[in-house]
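S.K.: Below is entry.pdb; it holds PDB, C-alpha atoms, pLDDT in the B column.
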ATOM      1  CA  MET P   1       6.918 -12.410  -9.141  1.00 65.00           C
ATOM      2  CA  SER P   2      10.305 -10.861  -9.847  1.00 91.00           C
ATOM      3  CA  LYS P   3      11.126  -7.282  -8.908  1.00 96.00           C
ATOM      4  CA  LEU P   4      13.063  -4.378 -10.382  1.00 97.00           C
ATOM      5  CA  LYS P   5      15.584  -2.221  -8.602  1.00 98.00           C
ATOM      6  CA  LEU P   6      14.864   1.456  -9.337  1.00 98.00           C
ATOM      7  CA  ILE P   7      17.718   3.927  -8.925  1.00 98.00           C
ATOM      8  CA  ILE P   8      17.165   7.627  -9.633  1.00 97.00           C
ATOM      9  CA  ILE P   9      20.369   9.652  -9.767  1.00 97.00           C
ATOM     10  CA  THR P  10      20.664  13.439  -9.983  1.00 95.00           C
ATOM     11  CA  PRO P  11      23.902  15.429 -10.219  1.00 95.00           C
ATOM     12  CA  LYS P  12      23.772  16.036  -6.452  1.00 93.00           C
ATOM     13  CA  LYS P  13      22.640  12.690  -5.008  1.00 94.00           C
ATOM     14  CA  ILE P  14      20.923   9.365  -5.368  1.00 94.00           C
ATOM     15  CA  ALA P  15      17.345  10.590  -5.064  1.00 92.00           C
ATOM     16  CA  LEU P  16      15.742   7.143  -4.790  1.00 94.00           C
ATOM     17  CA  GLU P  17      16.830   3.532  -4.545  1.00 97.00           C
ATOM     18  CA  LYS P  18      13.966   1.092  -4.158  1.00 96.00           C
ATOM     19  CA  GLU P  19      12.712  -2.363  -5.107  1.00 97.00           C
ATOM     20  CA  ILE P  20       9.572  -2.097  -7.238  1.00 98.00           C
ATOM     21  CA  ASP P  21       7.182  -4.064  -9.441  1.00 97.00           C
ATOM     22  CA  GLY P  22       7.175  -1.527 -12.278  1.00 97.00           C
ATOM     23  CA  VAL P  23       7.694   2.065 -13.355  1.00 98.00           C
ATOM     24  CA  THR P  24       6.170   4.374 -15.969  1.00 97.00           C
ATOM     25  CA  LEU P  25       8.475   7.052 -17.364  1.00 97.00           C
ATOM     26  CA  PRO P  26       8.084  10.152 -19.579  1.00 96.00           C
ATOM     27  CA  SER P  27      10.312   9.368 -22.564  1.00 96.00           C
ATOM     28  CA  THR P  28      10.722  11.654 -25.541  1.00 94.00           C
ATOM     29  CA  GLU P  29       8.726   9.097 -27.550  1.00 95.00           C
ATOM     30  CA  GLY P  30       5.838   9.059 -25.032  1.00 95.00           C
ATOM     31  CA  ASP P  31       5.218   7.332 -21.717  1.00 96.00           C
ATOM     32  CA  MET P  32       6.874   3.940 -21.352  1.00 97.00           C
ATOM     33  CA  THR P  33       6.442   1.265 -18.719  1.00 97.00           C
ATOM     34  CA  VAL P  34       9.297  -0.956 -17.566  1.00 97.00           C
ATOM     35  CA  LEU P  35       8.485  -4.249 -15.863  1.00 97.00           C
ATOM     36  CA  PRO P  36      10.779  -7.045 -14.634  1.00 97.00           C
ATOM     37  CA  ARG P  37      12.633  -8.862 -17.436  1.00 95.00           C
ATOM     38  CA  HIS P  38      12.246  -5.887 -19.810  1.00 96.00           C
ATOM     39  CA  ILE P  39      14.585  -6.012 -22.800  1.00 96.00           C
ATOM     40  CA  ASN P  40      17.769  -3.961 -22.609  1.00 97.00           C
ATOM     41  CA  LEU P  41      16.885  -0.332 -23.142  1.00 96.00           C
ATOM     42  CA  PHE P  42      18.569   3.061 -23.217  1.00 97.00           C
ATOM     43  CA  ALA P  43      16.262   6.019 -23.869  1.00 97.00           C
ATOM     44  CA  LEU P  44      16.013   9.769 -23.536  1.00 98.00           C
ATOM     45  CA  LEU P  45      13.647  11.099 -20.857  1.00 97.00           C
ATOM     46  CA  GLU P  46      11.872  14.411 -20.865  1.00 95.00           C
ATOM     47  CA  GLU P  47      10.749  16.503 -17.943  1.00 93.00           C
ATOM     48  CA  GLY P  48       7.662  14.898 -16.433  1.00 92.00           C
ATOM     49  CA  VAL P  49       6.194  12.607 -13.799  1.00 93.00           C
ATOM     50  CA  VAL P  50       7.505   9.127 -12.934  1.00 95.00           C
ATOM     51  CA  HIS P  51       5.011   6.626 -11.507  1.00 95.00           C
ATOM     52  CA  TYR P  52       6.382   3.572  -9.716  1.00 96.00           C
ATOM     53  CA  TRP P  53       4.635   0.852  -7.753  1.00 97.00           C
ATOM     54  CA  ASN P  54       5.273  -2.099  -5.503  1.00 95.00           C
ATOM     55  CA  GLY P  55       2.239  -4.257  -4.805  1.00 93.00           C
ATOM     56  CA  ASP P  56      -0.650  -1.988  -3.827  1.00 93.00           C
ATOM     57  CA  ASP P  57       1.686   0.893  -2.932  1.00 93.00           C
ATOM     58  CA  SER P  58       2.498   3.421  -5.614  1.00 92.00           C
ATOM     59  CA  ASP P  59       4.138   6.815  -5.708  1.00 92.00           C
ATOM     60  CA  PHE P  60       5.055   9.635  -8.073  1.00 92.00           C
ATOM     61  CA  LEU P  61       8.120  11.822  -8.576  1.00 92.00           C
ATOM     62  CA  ALA P  62       8.731  14.782 -10.845  1.00 91.00           C
ATOM     63  CA  ILE P  63      11.947  14.581 -12.852  1.00 93.00           C
ATOM     64  CA  GLY P  64      13.954  16.817 -15.119  1.00 91.00           C
ATOM     65  CA  GLY P  65      15.198  15.562 -18.445  1.00 93.00           C
ATOM     66  CA  GLY P  66      17.799  12.809 -18.672  1.00 96.00           C
ATOM     67  CA  TYR P  67      18.215   9.161 -19.552  1.00 98.00           C
ATOM     68  CA  VAL P  68      16.905   5.754 -18.538  1.00 98.00           C
ATOM     69  CA  GLU P  69      18.812   2.503 -18.831  1.00 98.00           C
ATOM     70  CA  THR P  70      17.585  -0.961 -17.915  1.00 97.00           C
ATOM     71  CA  ASP P  71      18.687  -4.555 -18.259  1.00 97.00           C
ATOM     72  CA  GLY P  72      15.363  -5.940 -16.991  1.00 95.00           C
ATOM     73  CA  GLU P  73      16.639  -6.217 -13.414  1.00 97.00           C
ATOM     74  CA  THR P  74      17.712  -2.639 -12.623  1.00 98.00           C
ATOM     75  CA  VAL P  75      16.247   0.608 -13.925  1.00 98.00           C
ATOM     76  CA  ARG P  76      18.633   3.574 -13.691  1.00 98.00           C
ATOM     77  CA  LEU P  77      17.424   7.112 -14.284  1.00 98.00           C
ATOM     78  CA  LEU P  78      20.088   9.765 -14.729  1.00 97.00           C
ATOM     79  CA  VAL P  79      18.136  13.015 -14.519  1.00 96.00           C
ATOM     80  CA  SER P  80      18.775  16.702 -13.916  1.00 92.00           C
ATOM     81  CA  ARG P  81      16.503  16.712 -10.841  1.00 88.00           C
ATOM     82  CA  ALA P  82      13.988  14.547  -8.987  1.00 89.00           C
ATOM     83  CA  TYR P  83      11.562  15.524  -6.254  1.00 83.00           C
ATOM     84  CA  GLY P  84       8.340  14.382  -4.641  1.00 79.00           C
ATOM     85  CA  GLN P  85       5.071  16.134  -4.013  1.00 64.00           C
ATOM     86  CA  GLU P  86       6.137  17.093  -0.487  1.00 69.00           C
ATOM     87  CA  SER P  87       8.737  19.426  -2.063  1.00 62.00           C
ATOM     88  CA  ILE P  88       6.101  21.411  -3.974  1.00 64.00           C
ATOM     89  CA  ASP P  89       4.274  24.454  -2.658  1.00 65.00           C
ATOM     90  CA  GLU P  90       0.931  24.501  -4.492  1.00 65.00           C
ATOM     91  CA  GLU P  91       0.406  28.262  -4.169  1.00 73.00           C
ATOM     92  CA  GLN P  92       3.945  28.976  -5.313  1.00 70.00           C
ATOM     93  CA  THR P  93       3.427  26.675  -8.321  1.00 67.00           C
ATOM     94  CA  LYS P  94       0.227  28.504  -9.317  1.00 70.00           C
ATOM     95  CA  HIS P  95       1.980  31.858  -8.959  1.00 71.00           C
ATOM     96  CA  ALA P  96       5.004  30.659 -10.991  1.00 69.00           C
ATOM     97  CA  PHE P  97       2.713  29.390 -13.766  1.00 69.00           C
ATOM     98  CA  ALA P  98       0.797  32.681 -13.991  1.00 76.00           C
ATOM     99  CA  ASP P  99       4.033  34.688 -13.849  1.00 76.00           C
ATOM    100  CA  ALA P 100       5.666  32.573 -16.580  1.00 71.00           C
ATOM    101  CA  LYS P 101       2.640  33.057 -18.865  1.00 72.00           C
ATOM    102  CA  LYS P 102       2.913  36.832 -18.420  1.00 74.00           C
ATOM    103  CA  GLN P 103       6.666  36.780 -19.020  1.00 74.00           C
ATOM    104  CA  MET P 104       6.221  34.699 -22.183  1.00 73.00           C
ATOM    105  CA  LYS P 105       4.197  37.508 -23.760  1.00 75.00           C
ATOM    106  CA  SER P 106       6.877  40.085 -23.029  1.00 78.00           C
ATOM    107  CA  ALA P 107      10.005  37.994 -23.756  1.00 76.00           C
ATOM    108  CA  LYS P 108      12.012  39.766 -26.434  1.00 78.00           C
ATOM    109  CA  THR P 109      14.839  37.313 -27.187  1.00 83.00           C
ATOM    110  CA  ASP P 110      15.050  33.605 -27.924  1.00 82.00           C
ATOM    111  CA  ASP P 111      17.085  33.072 -24.754  1.00 81.00           C
ATOM    112  CA  ALA P 112      14.447  34.834 -22.659  1.00 75.00           C
ATOM    113  CA  ARG P 113      11.683  32.754 -24.277  1.00 74.00           C
ATOM    114  CA  LYS P 114      13.628  29.519 -23.618  1.00 75.00           C
ATOM    115  CA  GLU P 115      14.103  30.425 -19.966  1.00 75.00           C
ATOM    116  CA  VAL P 116      10.437  31.310 -19.499  1.00 69.00           C
ATOM    117  CA  SER P 117       9.413  28.166 -21.387  1.00 75.00           C
ATOM    118  CA  SER P 118      11.486  26.080 -18.972  1.00 73.00           C
ATOM    119  CA  LEU P 119       9.776  27.723 -15.979  1.00 70.00           C
ATOM    120  CA  LEU P 120       6.393  27.132 -17.567  1.00 68.00           C
ATOM    121  CA  ARG P 121       7.164  23.433 -18.201  1.00 75.00           C
ATOM    122  CA  ARG P 122       8.362  22.972 -14.621  1.00 73.00           C
ATOM    123  CA  SER P 123       5.160  24.563 -13.281  1.00 73.00           C
ATOM    124  CA  VAL P 124       3.056  22.262 -15.458  1.00 77.00           C
ATOM    125  CA  VAL P 125       4.987  19.173 -14.269  1.00 79.00           C
ATOM    126  CA  ASP P 126       4.610  20.253 -10.630  1.00 75.00           C
ATOM    127  CA  SER P 127       0.861  20.734 -11.149  1.00 74.00           C
ATOM    128  CA  LYS P 128       0.564  17.273 -12.733  1.00 76.00           C
ATOM    129  CA  LEU P 129       2.419  15.720  -9.806  1.00 75.00           C
ATOM    130  CA  LEU P 130       0.116  17.411  -7.295  1.00 73.00           C
ATOM    131  CA  LYS P 131      -2.977  16.243  -9.202  1.00 75.00           C
ATOM    132  CA  LYS P 132      -1.735  12.656  -9.488  1.00 72.00           C
ATOM    133  CA  LYS P 133      -0.912  12.509  -5.800  1.00 61.00           C
ATOM    134  CA  ARG P 134      -4.316  13.972  -4.876  1.00 61.00           C
ATOM    135  CA  GLY P 135      -6.114  11.499  -7.157  1.00 62.00           C
ATOM    136  CA  GLN P 136      -4.227   8.588  -5.615  1.00 53.00           C
ATOM    137  CA  GLN P 137      -5.168   9.650  -2.064  1.00 46.00           C
ATOM    138  CA  SER P 138      -8.890   9.890  -2.890  1.00 38.00           C
ATOM    139  CA  VAL P 139      -9.060   6.279  -4.150  1.00 34.00           C
TER     140      VAL P 139
END
Take the structure in this file and express it as C-alpha coordinates.
M.R.:
Amino acid sequence: MSKLKLIIITPKKIALEKEIDGVTLPSTEGDMTVLPRHINLFALLEEGVVHYWNGDDSDFLAIGGGYVETDGETVRLLVSRAYGQESIDEEQTKHAFADAKKQMKSAKTDDARKEVSSLLRRSVVDSKLLKKKRGQQSV
(Lines of atoms letter the chains of each structure in order from A and count residues from 1; the text may use other names and numbers.)
(Lines give C-alpha, C1' and ligand atoms only; values in the text may rest on other atoms or scores of the structure.)
Protein backbone atom coordinates (compact mmCIF):
# COMPACT_ATOMS: atom_id res chain seq x y z
CA MET A 1 0.00 0.00 0.00
CA SER A 2 1.29 3.47 -0.79
CA LYS A 3 1.98 6.04 1.92
CA LEU A 4 1.58 9.78 2.39
CA LYS A 5 4.18 12.17 3.71
CA LEU A 6 2.60 14.44 6.34
CA ILE A 7 4.30 17.77 7.04
CA ILE A 8 2.84 20.15 9.63
CA ILE A 9 4.39 23.61 9.56
CA THR A 10 3.83 26.41 12.07
CA PRO A 11 5.33 29.91 11.91
CA LYS A 12 8.07 28.81 14.33
CA LYS A 13 9.01 25.30 13.14
CA ILE A 14 8.19 22.12 11.33
CA ALA A 15 6.04 20.53 14.02
CA LEU A 16 5.79 17.09 12.39
CA GLU A 17 7.20 15.28 9.38
CA LYS A 18 6.12 11.67 9.12
CA GLU A 19 5.14 8.91 6.70
CA ILE A 20 1.53 7.88 7.26
CA ASP A 21 -1.35 5.86 5.80
CA GLY A 22 -3.94 8.62 6.21
CA VAL A 23 -5.00 11.76 8.04
CA THR A 24 -8.32 13.30 9.10
CA LEU A 25 -8.39 17.10 9.28
CA PRO A 26 -10.82 19.75 10.59
CA SER A 27 -11.65 21.78 7.47
CA THR A 28 -14.05 24.69 7.44
CA GLU A 29 -16.44 22.46 5.47
CA GLY A 30 -16.26 19.63 8.05
CA ASP A 31 -13.80 16.83 8.77
CA MET A 32 -11.99 15.49 5.72
CA THR A 33 -9.80 12.44 5.31
CA VAL A 34 -6.82 12.35 2.96
CA LEU A 35 -5.49 8.99 1.81
CA PRO A 36 -2.71 8.13 -0.66
CA ARG A 37 -3.46 9.16 -4.26
CA HIS A 38 -5.99 11.79 -3.12
CA ILE A 39 -6.85 14.34 -5.81
CA ASN A 40 -5.07 17.68 -5.68
CA LEU A 41 -6.58 19.74 -2.91
CA PHE A 42 -6.12 23.11 -1.25
CA ALA A 43 -8.49 23.85 1.64
CA LEU A 44 -8.96 26.07 4.65
CA LEU A 45 -8.54 24.44 8.07
CA GLU A 46 -10.14 25.51 11.29
CA GLU A 47 -8.89 25.09 14.82
CA GLY A 48 -9.37 21.47 15.84
CA VAL A 49 -7.88 18.00 16.18
CA VAL A 50 -5.87 16.19 13.48
CA HIS A 51 -5.91 12.39 13.54
CA TYR A 52 -3.22 10.55 11.59
CA TRP A 53 -2.35 6.87 11.41
CA ASN A 54 0.23 4.46 10.11
CA GLY A 55 -0.76 0.81 10.29
CA ASP A 56 -2.12 0.11 13.77
CA ASP A 57 -0.44 3.19 15.25
CA SER A 58 -2.40 6.41 15.35
CA ASP A 59 -1.99 9.77 17.02
CA PHE A 60 -3.69 13.13 17.45
CA LEU A 61 -2.53 16.75 17.38
CA ALA A 62 -4.37 19.97 18.10
CA ILE A 63 -3.92 22.66 15.45
CA GLY A 64 -4.78 26.29 15.01
CA GLY A 65 -6.41 27.51 11.83
CA GLY A 66 -4.56 27.42 8.51
CA TYR A 67 -4.43 25.58 5.22
CA VAL A 68 -3.93 22.08 3.86
CA GLU A 69 -2.49 21.25 0.46
CA THR A 70 -2.00 17.80 -1.03
CA ASP A 71 -1.04 16.23 -4.33
CA GLY A 72 -1.89 12.70 -3.16
CA GLU A 73 1.71 11.98 -2.13
CA THR A 74 2.43 14.77 0.38
CA VAL A 75 0.03 16.49 2.76
CA ARG A 76 1.22 19.91 3.94
CA LEU A 77 -0.52 21.72 6.77
CA LEU A 78 0.36 25.37 7.25
CA VAL A 79 -1.17 26.21 10.62
CA SER A 80 -0.88 28.86 13.32
CA ARG A 81 0.11 26.25 15.93
CA ALA A 82 0.33 22.49 16.45
CA TYR A 83 0.81 20.56 19.67
CA GLY A 84 0.26 17.12 21.14
CA GLN A 85 -1.53 15.96 24.24
CA GLU A 86 1.71 15.95 26.24
CA SER A 87 1.73 19.77 25.94
CA ILE A 88 -1.67 20.13 27.63
CA ASP A 89 -2.24 20.49 31.35
CA GLU A 90 -5.72 19.07 31.99
CA GLU A 91 -6.37 21.13 35.14
CA GLN A 92 -5.19 24.30 33.45
CA THR A 93 -7.48 23.57 30.48
CA LYS A 94 -10.50 23.11 32.78
CA HIS A 95 -9.66 26.34 34.60
CA ALA A 96 -9.20 28.25 31.30
CA PHE A 97 -12.56 26.97 30.02
CA ALA A 98 -14.41 28.03 33.18
CA ASP A 99 -12.62 31.39 33.23
CA ALA A 100 -13.41 32.05 29.55
CA LYS A 101 -17.11 31.29 30.13
CA LYS A 102 -17.18 33.82 32.98
CA GLN A 103 -15.33 36.42 30.91
CA MET A 104 -17.74 35.94 27.99
CA LYS A 105 -20.63 37.11 30.17
CA SER A 106 -18.81 40.28 31.18
CA ALA A 107 -17.14 41.16 27.85
CA LYS A 108 -18.25 44.64 26.86
CA THR A 109 -16.72 45.10 23.39
CA ASP A 110 -16.60 43.04 20.22
CA ASP A 111 -12.81 42.79 20.51
CA ALA A 112 -13.08 41.49 24.07
CA ARG A 113 -15.71 38.93 23.00
CA LYS A 114 -13.51 37.77 20.09
CA GLU A 115 -10.53 37.31 22.38
CA VAL A 116 -12.55 35.37 24.95
CA SER A 117 -14.16 33.32 22.17
CA SER A 118 -10.70 32.35 20.93
CA LEU A 119 -9.68 31.22 24.43
CA LEU A 120 -12.90 29.26 24.75
CA ARG A 121 -12.35 27.52 21.38
CA ARG A 122 -8.77 26.63 22.31
CA SER A 123 -9.94 25.13 25.63
CA VAL A 124 -12.57 23.07 23.81
CA VAL A 125 -9.99 21.79 21.28
CA ASP A 126 -7.57 20.90 24.09
CA SER A 127 -10.34 19.01 25.90
CA LYS A 128 -11.22 17.11 22.71
CA LEU A 129 -7.58 16.16 22.21
CA LEU A 130 -7.31 14.87 25.78
CA LYS A 131 -10.50 12.82 25.38
CA LYS A 132 -9.41 11.33 22.06
CA LYS A 133 -6.03 10.37 23.44
CA ARG A 134 -7.62 8.81 26.54
CA GLY A 135 -10.12 6.87 24.41
CA GLN A 136 -7.32 5.55 22.21
CA GLN A 137 -5.31 4.32 25.22
CA SER A 138 -8.27 2.40 26.69
CA VAL A 139 -8.80 0.35 23.49
S.K.: Smallest atom-to-atom distance to Asp57 of chain P: which of P:Pro11, P:Gly22, P:Gly84, P:Pro36, using only C-alpha atoms?
M.R.: P:Gly22
S.K.: When the PyMOL selection byres ((chain P and resi 25-34) around 7) is applied to the file above, which residues end up in the set, as number ranges by chain?
M.R.: P: 22-24, 35-36, 38, 43-46, 48-51
S.K.: Next, the residues of the selection above should be written as a PDB file, keeping the file's coordinate frame with C-alpha atoms.
M.R.:
ATOM      1  CA  GLY P  22       7.175  -1.527 -12.278  1.00 97.00           C
ATOM      2  CA  VAL P  23       7.694   2.065 -13.355  1.00 98.00           C
ATOM      3  CA  THR P  24       6.170   4.374 -15.969  1.00 97.00           C
ATOM      4  CA  LEU P  35       8.485  -4.249 -15.863  1.00 97.00           C
ATOM      5  CA  PRO P  36      10.779  -7.045 -14.634  1.00 97.00           C
ATOM      6  CA  HIS P  38      12.246  -5.887 -19.810  1.00 96.00           C
ATOM      7  CA  ALA P  43      16.262   6.019 -23.869  1.00 97.00           C
ATOM      8  CA  LEU P  44      16.013   9.769 -23.536  1.00 98.00           C
ATOM      9  CA  LEU P  45      13.647  11.099 -20.857  1.00 97.00           C
ATOM     10  CA  GLU P  46      11.872  14.411 -20.865  1.00 95.00           C
ATOM     11  CA  GLY P  48       7.662  14.898 -16.433  1.00 92.00           C
ATOM     12  CA  VAL P  49       6.194  12.607 -13.799  1.00 93.00           C
ATOM     13  CA  VAL P  50       7.505   9.127 -12.934  1.00 95.00           C
ATOM     14  CA  HIS P  51       5.011   6.626 -11.507  1.00 95.00           C
TER      15      HIS P  51
END
S.K.: Tell me, in Å to one decimal, how far atom CA of Lys131 of chain P is from atom CA of His95 of chain P.
M.R.: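 One can read the atom CA of Lys131 of chain P to atom CA of His95 of chain P distance as 16.4 Å.
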S.K.: Evaluating the PyMOL selection byres ((chain P and resi 118) around 12) on the displayed file yields which residues, as a PyMOL selection string?
M.R.: chain P and resi 46-47+64-65+96-97+100-101+103-104+111-117+119-125
S.K.: For the atom pair atom CA of Lys5 of chain P and atom CA of Glu19 of chain P, what is the interatomic distance in Å to one decimal place?
M.R.: 4.5 Å
S.K.: From the options P:Leu41, P:Ile20, P:Ala62, P:Val68, which residue's atoms come nearest to Lys128 of chain P, counting all atoms listed in the file?
M.R.: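 Nearest candidate to Lys128 of chain P out of P:Leu41, P:Ile20, P:Ala62, P:Val68: P:Ala62.
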S.K.: Atom CA of Arg37 of chain P and atom CA of Ser2 of chain P, how far apart in Å?
M.R.: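 We find that atom CA of Ser2 of chain P and atom CA of Arg37 of chain P lie 8.2 Å from each other.
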S.K.: I need the residue nearest Ile14 of chain P from this list: P:Glu73, P:Ala82, P:Phe42, P:Leu61. Use all atoms listed in the file for the distance.
M.R.: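 Distance minimum relative to Ile14 of chain P lands on P:Ala82.
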S.K.: Taking 2 positions as the minimum chain separation for residues in the same chain, which residues sit within 10 Å of Lys12 of chain P when counting all atoms listed in the file? Answer as a list in words.
M.R.: Ile9, Thr10, Ile14, Ala15, Ser80 and Arg81 of chain P
S.K.: Which one is closest to Asp126 of chain P: P:Asp99, P:Ala107, P:Lys94, P:Leu4? Count all atoms listed in the file.
M.R.: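 Among the listed residues, P:Lys94 lies closest to Asp126 of chain P.
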S.K.: Hey, could you pull the box centre and edge lengths for segment 97-110 of chain P, axis-aligned, 4 Å padding per side, all listed atoms, to one decimal in Å, as lines of an AutoDock Vina configuration file?
M.R.:
center_x = 7.9
center_y = 34.7
center_z = -20.8
size_x = 22.3
size_y = 18.7
size_z = 22.2
S.K.: Quick one: residues within 9 Å of Ile8 of chain P, all atoms listed in the file counted, chain neighbours fewer than 4 positions away excluded, as a list in words?
M.R.: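 Here the answer would be Lys13, Ile14, Ala15, Leu16, Glu17, Val75, Arg76, Leu77, Leu78, Val79 and Ala82 of chain P.
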S.K.: In terms of the shortest atom-to-atom distance over only C-alpha atoms, which of P:Tyr83, P:Gly66, P:Lys18, P:Trp53 is closest to Leu129 of chain P?
M.R.: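 Nearest to Leu129 of chain P: P:Tyr83.
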S.K.: Given only C-alpha atoms as the basis, pick out the residue of P:Glu91, P:Thr109, P:Asp59, P:Thr74 nearest to Lys3 of chain P.
M.R.: P:Thr74
